[in-house]
>>> print(open('coords-v4.tsv').read())   # TSV, C-alpha atoms and all ligand atoms
chain	number	residue	atom	x	y	z
A	1	MET	CA	120.42	87.96	66.81
A	2	ARG	CA	120.70	90.12	63.71
A	3	PRO	CA	122.53	93.40	64.43
A	4	ASN	CA	120.30	96.47	64.32
A	5	PRO	CA	121.99	99.14	62.17
A	6	SER	CA	120.37	101.88	64.22
A	7	LEU	CA	122.34	100.68	67.27
A	8	GLU	CA	125.85	100.83	65.90
A	9	PRO	CA	127.03	103.92	67.82
A	10	LEU	CA	126.70	102.02	71.07
A	11	ARG	CA	128.66	98.93	70.23
A	12	SER	CA	131.91	100.38	71.52
A	13	GLY	CA	131.25	100.38	75.22
A	14	VAL	CA	127.95	100.15	77.09
A	15	ALA	CA	127.49	96.44	76.39
A	16	LEU	CA	128.24	94.16	79.32
A	17	SER	CA	126.86	90.84	78.20
A	18	PRO	CA	125.87	89.51	74.81
A	19	VAL	CA	122.33	90.32	73.68
A	20	GLY	CA	120.09	87.29	73.38
A	21	HIS	CA	121.79	85.36	76.18
A	22	GLN	CA	119.78	86.39	79.16
A	23	PRO	CA	119.76	84.38	82.37
A	24	ALA	CA	116.38	82.76	82.98
A	25	ASP	CA	115.81	84.93	86.04
A	26	ALA	CA	116.75	88.27	84.44
A	27	GLU	CA	114.03	90.92	84.73
A	28	ILE	CA	113.29	91.87	81.15
A	29	TYR	CA	111.04	94.85	80.53
A	30	SER	CA	109.31	95.21	77.19
A	31	LEU	CA	110.39	97.53	74.38
A	32	GLU	CA	106.97	99.21	74.58
A	33	PHE	CA	107.68	100.20	78.19
A	34	PHE	CA	110.71	102.16	77.04
A	35	GLU	CA	108.82	103.54	74.05
A	36	LEU	CA	106.17	105.00	76.37
A	37	GLN	CA	108.77	106.67	78.56
A	38	LEU	CA	110.70	108.08	75.61
A	39	LEU	CA	107.46	109.53	74.26
A	40	PHE	CA	106.97	111.33	77.56
A	41	ALA	CA	110.58	112.57	77.62
A	42	ALA	CA	110.13	113.92	74.07
A	43	LYS	CA	106.99	115.77	75.14
A	44	VAL	CA	108.80	117.29	78.13
A	45	ALA	CA	111.64	118.32	75.82
A	46	ASP	CA	109.09	119.86	73.45
A	47	LEU	CA	107.37	121.89	76.14
A	48	THR	CA	110.49	123.00	78.00
A	49	GLY	CA	113.01	123.40	75.20
A	50	LEU	CA	115.41	121.17	77.15
A	51	PRO	CA	117.44	118.59	75.21
A	52	LEU	CA	115.98	115.10	75.06
A	53	ALA	CA	119.22	113.76	76.56
A	54	GLU	CA	118.31	115.70	79.70
A	55	THR	CA	114.59	114.92	79.90
A	56	VAL	CA	115.17	111.17	79.44
A	57	GLY	CA	117.19	111.38	82.65
A	58	SER	CA	114.90	113.72	84.56
A	59	HIS	CA	111.46	112.44	83.49
A	60	THR	CA	111.72	108.69	82.97
A	61	ASN	CA	112.64	105.55	84.88
A	62	ILE	CA	115.16	104.65	82.17
A	63	TYR	CA	118.33	105.50	84.13
A	64	VAL	CA	117.30	103.07	86.86
A	65	ARG	CA	115.98	100.41	84.45
A	66	LEU	CA	119.25	100.45	82.54
A	67	ALA	CA	121.00	99.63	85.82
A	68	MET	CA	122.98	102.86	85.73
A	69	GLY	CA	122.47	103.39	89.46
A	70	PRO	CA	119.74	104.19	91.97
A	71	ARG	CA	119.82	107.97	91.31
A	72	LEU	CA	120.50	109.99	88.19
A	73	ASP	CA	124.15	110.92	87.80
A	74	GLY	CA	124.47	112.96	84.62
A	75	ALA	CA	128.25	112.36	84.59
A	76	ASN	CA	127.98	108.54	84.61
A	77	PRO	CA	130.10	107.47	81.56
A	78	ALA	CA	127.77	104.60	80.61
A	79	TRP	CA	124.80	106.99	80.73
A	80	LEU	CA	126.63	109.61	78.68
A	81	GLU	CA	127.37	106.99	76.07
A	82	TYR	CA	123.73	105.92	75.97
A	83	VAL	CA	122.33	109.46	75.63
A	84	ALA	CA	124.93	110.31	72.98
A	85	ALA	CA	123.81	107.25	71.00
A	86	LEU	CA	120.17	108.25	71.51
A	87	ALA	CA	120.77	111.45	69.57
A	88	HIS	CA	121.87	109.53	66.49
A	89	VAL	CA	119.55	106.57	66.18
A	90	ARG	CA	116.35	106.31	64.22
A	91	ASP	CA	114.66	104.01	66.71
A	92	ARG	CA	115.29	105.24	70.25
A	93	ALA	CA	113.12	102.60	71.89
A	94	ALA	CA	115.00	99.80	70.11
A	95	LEU	CA	118.33	101.24	71.24
A	96	THR	CA	117.10	101.57	74.82
A	97	TYR	CA	115.72	98.04	74.82
A	98	GLU	CA	118.99	96.68	73.50
A	99	VAL	CA	121.00	98.47	76.20
A	100	HIS	CA	118.52	97.11	78.74
A	101	LEU	CA	119.08	93.55	77.49
A	102	GLN	CA	122.82	94.04	77.58
A	103	ARG	CA	122.74	95.26	81.16
A	104	ALA	CA	119.96	93.02	82.49
A	105	ARG	CA	122.34	91.07	84.72
A	106	LEU	CA	123.32	94.17	86.68
A	107	PRO	CA	121.42	95.10	89.83
A	108	ALA	CA	118.79	97.76	89.10
A	109	GLY	CA	116.36	99.60	91.34
A	110	PRO	CA	116.45	100.19	95.07
A	111	GLN	CA	118.83	97.93	96.97
A	112	ALA	CA	116.73	96.26	99.64
A	113	ALA	CA	117.94	95.91	103.22
A	114	ALA	CA	115.56	92.97	103.70
A	115	SER	CA	112.74	91.36	101.82
A	116	ALA	CA	109.85	88.99	102.43
A	117	GLY	CA	108.31	87.64	99.23
A	118	CYS	CA	107.02	90.57	97.18
A	119	PHE	CA	107.74	93.16	99.88
A	120	SER	CA	111.06	94.73	100.77
A	121	TYR	CA	112.37	97.80	102.48
A	122	ALA	CA	115.31	100.13	101.98
A	123	PRO	CA	116.72	102.68	104.45
A	124	LEU	CA	115.60	106.23	103.67
A	125	GLY	CA	117.24	108.29	106.43
A	126	PRO	CA	117.20	108.45	110.20
A	127	ASN	CA	114.26	106.42	111.51
A	128	ARG	CA	112.74	106.02	108.06
A	129	VAL	CA	112.49	103.09	105.73
A	130	ARG	CA	110.89	102.90	102.33
A	131	LEU	CA	108.48	100.05	101.55
A	132	HIS	CA	108.71	98.44	98.11
A	133	PHE	CA	106.58	95.96	96.21
A	134	HIS	CA	108.06	93.73	93.57
A	135	PRO	CA	106.07	91.09	91.66
A	136	GLY	CA	108.97	88.64	91.37
A	137	LEU	CA	109.27	86.33	88.42
A	138	GLN	CA	106.17	84.24	89.03
A	139	ARG	CA	103.93	84.56	85.98
A	140	SER	CA	101.04	82.17	86.56
A	141	ASP	CA	98.78	84.36	88.68
A	142	SER	CA	98.80	87.94	89.91
A	143	PRO	CA	100.68	88.59	93.15
A	144	LEU	CA	97.68	90.79	93.98
A	145	SER	CA	94.99	88.16	93.35
A	146	LEU	CA	92.57	87.18	96.08
A	147	VAL	CA	94.15	83.73	96.19
A	148	ASN	CA	97.50	85.31	97.09
A	149	GLN	CA	96.14	87.85	99.56
A	150	HIS	CA	96.88	85.77	102.66
A	151	ARG	CA	100.46	85.10	101.55
A	152	ARG	CA	101.06	88.81	100.82
A	153	ARG	CA	99.75	89.76	104.26
A	154	GLN	CA	102.05	87.21	105.87
A	155	GLU	CA	105.02	88.65	103.97
A	156	LEU	CA	104.13	92.17	104.98
A	157	THR	CA	103.79	91.18	108.63
A	158	ALA	CA	107.11	89.30	108.54
A	159	LEU	CA	108.88	92.31	107.06
A	160	LEU	CA	107.29	94.74	109.51
A	161	SER	CA	108.30	92.60	112.44
A	162	LYS	CA	111.91	93.17	111.30
A	163	ILE	CA	111.38	96.86	110.66
A	164	VAL	CA	109.98	97.59	114.14
A	165	LEU	CA	113.15	96.15	115.66
A	166	LEU	CA	115.13	98.99	114.03
A	167	GLY	CA	113.98	101.43	116.74
A	168	PRO	CA	110.95	102.75	118.63
A	169	ASP	CA	110.54	105.77	116.31
A	170	ILE	CA	110.94	103.93	113.05
A	171	HIS	CA	108.55	105.14	110.34
A	172	VAL	CA	107.55	103.43	107.12
A	173	VAL	CA	107.24	105.52	103.98
A	174	GLY	CA	105.03	104.20	101.21
A	175	ALA	CA	104.63	105.90	97.83
A	176	SER	CA	103.11	104.11	94.88
A	177	TRP	CA	100.44	104.03	92.21
A	178	LEU	CA	99.51	100.66	93.71
A	179	TYR	CA	97.61	102.34	96.56
A	180	ASN	CA	94.85	103.11	94.06
A	181	LEU	CA	94.10	99.41	93.62
A	182	ASN	CA	91.65	97.66	95.85
A	183	SER	CA	93.67	94.46	95.42
A	184	TYR	CA	96.70	96.21	96.99
A	185	ARG	CA	94.87	98.38	99.53
A	186	ARG	CA	93.21	95.36	101.12
A	187	LEU	CA	96.64	94.24	102.35
A	188	PHE	CA	96.97	97.29	104.63
A	189	PRO	CA	95.21	98.52	107.78
A	190	GLN	CA	92.65	101.32	107.37
A	191	ARG	CA	94.64	103.76	109.52
A	192	TYR	CA	97.53	103.62	107.07
A	193	LEU	CA	95.24	103.91	104.04
A	194	ASP	CA	93.58	106.98	105.60
A	195	SER	CA	96.98	108.71	105.72
A	196	LEU	CA	97.70	108.35	102.01
A	197	GLN	CA	97.87	111.56	99.98
A	198	PRO	CA	98.64	112.20	96.29
A	199	ILE	CA	102.13	113.53	95.64
A	200	GLU	CA	103.93	115.11	92.68
A	201	PRO	CA	104.65	112.34	90.18
A	202	PRO	CA	108.13	110.91	90.86
A	203	TYR	CA	109.04	110.79	87.17
A	204	GLN	CA	112.24	108.82	87.63
A	205	ARG	CA	110.63	106.03	89.67
A	206	LEU	CA	108.84	102.74	89.09
A	207	PRO	CA	106.20	103.60	91.74
A	208	LEU	CA	104.85	105.92	89.01
A	209	TRP	CA	105.65	104.04	85.80
A	210	GLY	CA	104.74	100.62	87.23
A	211	GLN	CA	101.06	101.37	86.48
A	212	PHE	CA	101.75	100.60	82.83
A	213	LEU	CA	103.03	97.10	83.51
A	214	HIS	CA	101.64	93.62	83.70
A	215	ARG	CA	103.45	91.26	86.05
A	216	ASP	CA	105.45	89.90	83.07
A	217	ARG	CA	106.71	93.48	82.41
A	218	SER	CA	104.74	93.84	79.21
A	219	VAL	CA	102.73	97.05	78.80
A	220	ARG	CA	99.05	97.34	79.80
A	221	THR	CA	97.35	98.37	76.58
A	222	VAL	CA	94.43	100.35	77.99
A	223	ALA	CA	96.46	102.36	80.51
A	224	ALA	CA	99.15	103.07	77.91
A	225	GLN	CA	96.59	104.17	75.31
A	226	ARG	CA	94.92	106.51	77.79
A	227	PHE	CA	98.33	107.98	78.60
A	228	ARG	CA	99.23	108.48	74.93
A	229	THR	CA	95.90	110.18	74.20
A	230	ARG	CA	96.20	112.58	77.12
A	231	LEU	CA	99.83	113.30	76.30
A	232	ALA	CA	98.93	114.18	72.72
A	233	GLN	CA	96.26	116.61	73.97
A	234	THR	CA	98.49	118.31	76.55
A	235	ALA	CA	100.05	121.63	75.69
A	236	LYS	CA	101.08	122.81	79.15
A	237	LEU	CA	103.94	121.65	81.31
A	238	ALA	CA	101.80	121.88	84.44
A	239	GLU	CA	99.36	119.31	82.97
A	240	LEU	CA	101.92	116.60	82.28
A	241	GLY	CA	101.44	114.90	85.65
A	242	SER	CA	97.74	114.40	84.97
A	243	CYS	CA	98.51	112.38	81.82
A	244	PHE	CA	99.21	109.41	84.10
A	245	PRO	CA	95.96	107.54	84.69
A	246	LEU	CA	96.72	106.92	88.38
A	247	PRO	CA	98.41	109.28	90.85
A	248	VAL	CA	101.12	108.21	93.26
A	249	LEU	CA	99.77	108.10	96.81
A	250	SER	CA	102.12	108.41	99.75
A	251	ALA	CA	102.17	108.20	103.54
A	252	ALA	CA	104.80	108.13	106.28
A	253	VAL	CA	103.54	106.45	109.44
A	254	PRO	CA	104.95	104.67	112.50
A	255	ALA	CA	105.83	101.12	111.47
A	256	ALA	CA	103.61	99.73	114.20
A	257	TRP	CA	100.55	101.15	112.42
A	258	LEU	CA	101.03	98.67	109.59
A	259	ILE	CA	101.07	95.59	111.76
A	260	PRO	CA	97.60	94.06	111.81
B	301	LIG	C1	101.62	95.22	90.31
B	301	LIG	C2	101.62	94.32	89.09
B	301	LIG	C3	102.30	92.99	89.44
B	301	LIG	C4	100.16	94.05	88.67
B	301	LIG	O1	100.21	93.34	87.44
B	301	LIG	P1	99.35	92.00	87.20
B	301	LIG	O2	99.59	91.01	88.28
B	301	LIG	O3	99.68	91.54	85.82
B	301	LIG	O4	97.93	92.62	87.30
B	301	LIG	P2	96.51	92.01	86.92
B	301	LIG	O5	96.15	92.47	85.55
B	301	LIG	O6	96.45	90.53	87.15
B	301	LIG	O7	95.61	92.81	87.95
B	301	LIG	C5	95.58	92.61	89.34
B	301	LIG	C6	94.57	93.59	89.90
B	301	LIG	O8	95.06	94.93	89.84
B	301	LIG	C7	94.27	95.74	88.95
B	301	LIG	N1	95.19	96.56	88.16
B	301	LIG	C8	96.47	96.24	87.87
B	301	LIG	N2	97.04	97.24	87.18
B	301	LIG	C9	96.11	98.19	87.04
B	301	LIG	C10	96.10	99.48	86.45
B	301	LIG	N3	97.18	100.00	85.86
B	301	LIG	N4	94.98	100.20	86.50
B	301	LIG	C11	93.90	99.72	87.12
B	301	LIG	N5	93.84	98.50	87.71
B	301	LIG	C12	94.92	97.76	87.67
B	301	LIG	C13	93.49	94.76	88.11
B	301	LIG	O9	92.29	95.30	87.66
B	301	LIG	C14	93.26	93.64	89.11
B	301	LIG	O10	92.28	94.01	90.04
B	301	LIG	P3	91.17	92.96	90.58
B	301	LIG	O11	91.95	91.82	91.21
B	301	LIG	O12	90.38	93.77	91.56
B	301	LIG	O13	90.41	92.53	89.36
B	301	LIG	C15	102.34	95.03	87.89
B	301	LIG	O14	101.67	96.22	87.59
B	301	LIG	C16	103.80	95.32	88.14
B	301	LIG	O15	104.63	94.42	88.16
B	301	LIG	N6	104.15	96.61	88.29
B	301	LIG	C17	105.54	96.99	88.51
B	301	LIG	C18	105.88	96.95	89.97
B	301	LIG	C19	105.45	98.23	90.65
B	301	LIG	O16	104.75	99.05	90.10
B	301	LIG	N7	105.89	98.36	91.85
B	301	LIG	C20	105.61	99.57	92.57
B	301	LIG	C21	106.83	99.99	93.24
B	301	LIG	S1	106.44	100.36	94.96
>>> encode(input="coords-v4.tsv", output="structure tokens")
Amino acid sequence: MRPNPSLEPLRSGVALSPVGHQPADAEIYSLEFFELQLLFAAKVADLTGLPLAETVGSHTNIYVRLAMGPRLDGANPAWLEYVAALAHVRDRAALTYEVHLQRARLPAGPQAAASAGCFSYAPLGPNRVRLHFHPGLQRSDSPLSLVNQHRRRQELTALLSKIVLLGPDIHVVGASWLYNLNSYRRLFPQRYLDSLQPIEPPYQRLPLWGQFLHRDRSVRTVAAQRFRTRLAQTAKLAELGSCFPLPVLSAAVPAAWLIP
């Protein structure tokens, strides 16, 4: 791959594996996905007066996607190197994408305690686990298609049967844009769906930004365009959350409620 002159400041350290030699099963997100998030971070910086280096950490999923760790640590040396480079490049999205490719072998996102197909859970505190949905690397059809509905329900039931063994008071916490989709909602019992409420956008998390993705991690054109248009029209900090086409809905319920 031809070196990108705009990326030179980073060549000293952040790289962990050569660009262009990704393992077949690496999860590669598209450059446009990073572009969209950087646009948002720039808008936040504009409206708050905070440096972009700060808003990229506080208002995007980039820290997690670059496999820097599950939660933002502003003192992380690899992160500091990335944000320092960001200040000097012409093409911030290209830089971010390159760092992503370099670090694609590293574990990123929540570390699951157990998984069943597309579903997994991670401990969240005493008697609480967080439910996650991950499309996997299958590209041929949507994990949310009608054809796959039965399999998804089986996975969810298998995972919940493990979760309920964790204790009689164990609660499942769900929070995702996915609860807006009929194709996702139909996997869950009505009682759980009735408990879902919109929450403040979790700007650093995929359960918000995932709404801009296809299963192959490319960007959904219509959703992204709607987001860009609203973002361009927004002049108030308080309105930034409503630039996202779909809100994040959340519920915390006894695990037993989710078992059909
Ligand atoms: C969930 C995910 C796999 C869906 O992508 P996909 O399989 O390419 O989606 P498709 O285009 O085939 O659509 C599947 C269904 O969802 C709907 N849909 C998907 N994304 C949508 C969006 N952003 N807005 C509205 N509808 C959407 C489609 O209309 C379709 O519905 P239908 O079956 O009723 O026609 C993809 O968005 C993704 O990988 N997201 C990242 C993971 C994530 O967000 N996880 C949440 C963490 S808890």
>>> closest_residue(input="coords-v4.tsv", among="A:Asp216, A:Glu32, A:Glu200, A:Glu54", to="Ala238 in chain A", atoms="all atoms listed in the file")
A:Glu200
>>> closest_residue(input="coords-v4.tsv", among="A:Leu146, A:Gln204, A:Pro135, A:Tyr97", to="Tyr63 in chain A", atoms="only C-alpha atoms")
A:Gln204
>>> residues_around(input="coords-v4.tsv", residues="Ala84 in chain A", least_positions_apart="4", cutoff="8 Å", atoms="all atoms listed in the file", output="list in words")
Ala53, Leu80 and His88 of chain A
>>> write_last_selection(input="coords-v4.tsv", atoms="C-alpha atoms", output="short mmCIF file (atom, residue, chain, number, x, y, z; two decimals), in the coordinates of the input")
data_model
loop_
_atom_site.label_atom_id
_atom_site.label_comp_id
_atom_site.auth_asym_id
_atom_site.auth_seq_id
_atom_site.Cartn_x
_atom_site.Cartn_y
_atom_site.Cartn_z
CA ALA A 53 119.22 113.76 76.56
CA LEU A 80 126.63 109.61 78.68
CA HIS A 88 121.87 109.53 66.49
#
>>> closest_residue(input="coords-v4.tsv", among="A:Ser30, A:Ser161, A:Thr229, A:Thr96", to="ligand LIG 301 (chain B)", atoms="all atoms listed in the file")
A:Ser30
>>> residues_near_ligand(input="coords-v4.tsv", ligand="ligand LIG 301 (chain B)", cutoff="9 Å", atoms="all atoms listed in the file", output="tab-separated table (two decimals) with C-alpha atoms, keeping the file's coordinate frame")
chain	number	residue	atom	x	y	z
A	119	PHE	CA	107.74	93.16	99.88
A	130	ARG	CA	110.89	102.90	102.33
A	131	LEU	CA	108.48	100.05	101.55
A	132	HIS	CA	108.71	98.44	98.11
A	133	PHE	CA	106.58	95.96	96.21
A	134	HIS	CA	108.06	93.73	93.57
A	135	PRO	CA	106.07	91.09	91.66
A	136	GLY	CA	108.97	88.64	91.37
A	139	ARG	CA	103.93	84.56	85.98
A	141	ASP	CA	98.78	84.36	88.68
A	142	SER	CA	98.80	87.94	89.91
A	143	PRO	CA	100.68	88.59	93.15
A	144	LEU	CA	97.68	90.79	93.98
A	145	SER	CA	94.99	88.16	93.35
A	146	LEU	CA	92.57	87.18	96.08
A	174	GLY	CA	105.03	104.20	101.21
A	175	ALA	CA	104.63	105.90	97.83
A	176	SER	CA	103.11	104.11	94.88
A	177	TRP	CA	100.44	104.03	92.21
A	178	LEU	CA	99.51	100.66	93.71
A	180	ASN	CA	94.85	103.11	94.06
A	181	LEU	CA	94.10	99.41	93.62
A	182	ASN	CA	91.65	97.66	95.85
A	183	SER	CA	93.67	94.46	95.42
A	184	TYR	CA	96.70	96.21	96.99
A	205	ARG	CA	110.63	106.03	89.67
A	206	LEU	CA	108.84	102.74	89.09
A	207	PRO	CA	106.20	103.60	91.74
A	208	LEU	CA	104.85	105.92	89.01
A	209	TRP	CA	105.65	104.04	85.80
A	210	GLY	CA	104.74	100.62	87.23
A	211	GLN	CA	101.06	101.37	86.48
A	212	PHE	CA	101.75	100.60	82.83
A	213	LEU	CA	103.03	97.10	83.51
A	214	HIS	CA	101.64	93.62	83.70
A	215	ARG	CA	103.45	91.26	86.05
A	216	ASP	CA	105.45	89.90	83.07
A	217	ARG	CA	106.71	93.48	82.41
A	218	SER	CA	104.74	93.84	79.21
A	219	VAL	CA	102.73	97.05	78.80
A	220	ARG	CA	99.05	97.34	79.80
A	222	VAL	CA	94.43	100.35	77.99
A	223	ALA	CA	96.46	102.36	80.51
A	224	ALA	CA	99.15	103.07	77.91
A	245	PRO	CA	95.96	107.54	84.69
A	246	LEU	CA	96.72	106.92	88.38
>>> residues_around(input="coords-v4.tsv", residues="Lys236 in chain A", least_positions_apart="3", cutoff="12 Å", atoms="all atoms listed in the file", output="list in words")
Lys43, Val44, Ala45, Asp46, Leu47, Thr48, Arg230, Leu231, Ala232, Gln233, Glu239, Leu240, Gly241, Ser242 and Cys243 of chain A
>>> residues_around(input="coords-v4.tsv", residues="Asp169 in chain A", least_positions_apart="2", cutoff="9 Å", atoms="all atoms listed in the file", output="list of chain:residue names")
A:Asn127, A:Arg128, A:Val164, A:Leu166, A:Gly167, A:His171, A:Pro254, A:Ala255
>>> decode(input="coords-v4.tsv", residues="range 118-181 of chain A", atoms="C-alpha atoms", output="PDB file, in the first residue's frame")
ATOM      1  CA  CYS A 118     -25.067 -12.818  17.793  1.00  0.00           C
ATOM      2  CA  PHE A 119     -25.896 -12.258  21.468  1.00  0.00           C
ATOM      3  CA  SER A 120     -23.502 -11.885  24.361  1.00  0.00           C
ATOM      4  CA  TYR A 121     -23.455 -10.461  27.835  1.00  0.00           C
ATOM      5  CA  ALA A 122     -20.923  -8.636  29.983  1.00  0.00           C
ATOM      6  CA  PRO A 123     -21.037  -8.073  33.757  1.00  0.00           C
ATOM      7  CA  LEU A 124     -22.212  -4.571  34.674  1.00  0.00           C
ATOM      8  CA  GLY A 125     -22.163  -4.601  38.481  1.00  0.00           C
ATOM      9  CA  PRO A 126     -23.797  -6.535  41.285  1.00  0.00           C
ATOM     10  CA  ASN A 127     -26.706  -8.555  39.884  1.00  0.00           C
ATOM     11  CA  ARG A 128     -26.580  -6.790  36.529  1.00  0.00           C
ATOM     12  CA  VAL A 129     -25.431  -7.893  33.133  1.00  0.00           C
ATOM     13  CA  ARG A 130     -25.426  -5.972  29.895  1.00  0.00           C
ATOM     14  CA  LEU A 131     -26.870  -7.587  26.761  1.00  0.00           C
ATOM     15  CA  HIS A 132     -25.015  -7.049  23.485  1.00  0.00           C
ATOM     16  CA  PHE A 133     -25.788  -7.777  19.858  1.00  0.00           C
ATOM     17  CA  HIS A 134     -23.056  -8.358  17.351  1.00  0.00           C
ATOM     18  CA  PRO A 135     -23.690  -9.232  13.686  1.00  0.00           C
ATOM     19  CA  GLY A 136     -20.627 -11.464  13.349  1.00  0.00           C
ATOM     20  CA  LEU A 137     -18.808 -11.794  10.070  1.00  0.00           C
ATOM     21  CA  GLN A 138     -21.560 -13.445   8.070  1.00  0.00           C
ATOM     22  CA  ARG A 139     -22.347 -11.218   5.097  1.00  0.00           C
ATOM     23  CA  SER A 140     -24.855 -13.135   2.990  1.00  0.00           C
ATOM     24  CA  ASP A 141     -28.072 -12.205   4.783  1.00  0.00           C
ATOM     25  CA  SER A 142     -29.054  -9.932   7.643  1.00  0.00           C
ATOM     26  CA  PRO A 143     -28.809 -11.421  11.130  1.00  0.00           C
ATOM     27  CA  LEU A 144     -32.146  -9.671  11.679  1.00  0.00           C
ATOM     28  CA  SER A 145     -33.942 -11.150   8.650  1.00  0.00           C
ATOM     29  CA  LEU A 146     -37.119 -13.146   9.078  1.00  0.00           C
ATOM     30  CA  VAL A 147     -35.269 -16.253   7.928  1.00  0.00           C
ATOM     31  CA  ASN A 148     -32.860 -15.877  10.849  1.00  0.00           C
ATOM     32  CA  GLN A 149     -35.454 -14.967  13.457  1.00  0.00           C
ATOM     33  CA  HIS A 150     -35.795 -18.487  14.874  1.00  0.00           C
ATOM     34  CA  ARG A 151     -32.031 -18.889  15.207  1.00  0.00           C
ATOM     35  CA  ARG A 152     -31.689 -15.498  16.961  1.00  0.00           C
ATOM     36  CA  ARG A 153     -34.433 -16.439  19.425  1.00  0.00           C
ATOM     37  CA  GLN A 154     -32.686 -19.729  20.152  1.00  0.00           C
ATOM     38  CA  GLU A 155     -29.428 -17.879  20.813  1.00  0.00           C
ATOM     39  CA  LEU A 156     -31.127 -15.412  23.105  1.00  0.00           C
ATOM     40  CA  THR A 157     -32.817 -18.194  25.055  1.00  0.00           C
ATOM     41  CA  ALA A 158     -29.542 -20.128  25.358  1.00  0.00           C
ATOM     42  CA  LEU A 159     -27.746 -17.052  26.676  1.00  0.00           C
ATOM     43  CA  LEU A 160     -30.528 -16.192  29.112  1.00  0.00           C
ATOM     44  CA  SER A 161     -30.555 -19.704  30.485  1.00  0.00           C
ATOM     45  CA  LYS A 162     -26.913 -19.064  31.484  1.00  0.00           C
ATOM     46  CA  ILE A 163     -27.626 -15.603  32.829  1.00  0.00           C
ATOM     47  CA  VAL A 164     -30.437 -16.727  35.153  1.00  0.00           C
ATOM     48  CA  LEU A 165     -28.019 -19.165  36.796  1.00  0.00           C
ATOM     49  CA  LEU A 166     -25.955 -16.182  38.008  1.00  0.00           C
ATOM     50  CA  GLY A 167     -28.450 -15.510  40.820  1.00  0.00           C
ATOM     51  CA  PRO A 168     -32.147 -15.072  41.634  1.00  0.00           C
ATOM     52  CA  ASP A 169     -31.959 -11.248  41.444  1.00  0.00           C
ATOM     53  CA  ILE A 170     -29.985 -11.022  38.242  1.00  0.00           C
ATOM     54  CA  HIS A 171     -31.173  -8.226  35.941  1.00  0.00           C
ATOM     55  CA  VAL A 172     -30.494  -7.740  32.252  1.00  0.00           C
ATOM     56  CA  VAL A 173     -29.749  -4.248  31.003  1.00  0.00           C
ATOM     57  CA  GLY A 174     -30.399  -3.532  27.347  1.00  0.00           C
ATOM     58  CA  ALA A 175     -29.584  -0.218  25.656  1.00  0.00           C
ATOM     59  CA  SER A 176     -29.477   0.123  21.909  1.00  0.00           C
ATOM     60  CA  TRP A 177     -30.746   1.875  18.808  1.00  0.00           C
ATOM     61  CA  LEU A 178     -31.746  -1.612  17.665  1.00  0.00           C
ATOM     62  CA  TYR A 179     -34.874  -1.546  19.847  1.00  0.00           C
ATOM     63  CA  ASN A 180     -36.412   0.819  17.298  1.00  0.00           C
ATOM     64  CA  LEU A 181     -36.397  -1.893  14.639  1.00  0.00           C
TER      65      LEU A 181
END
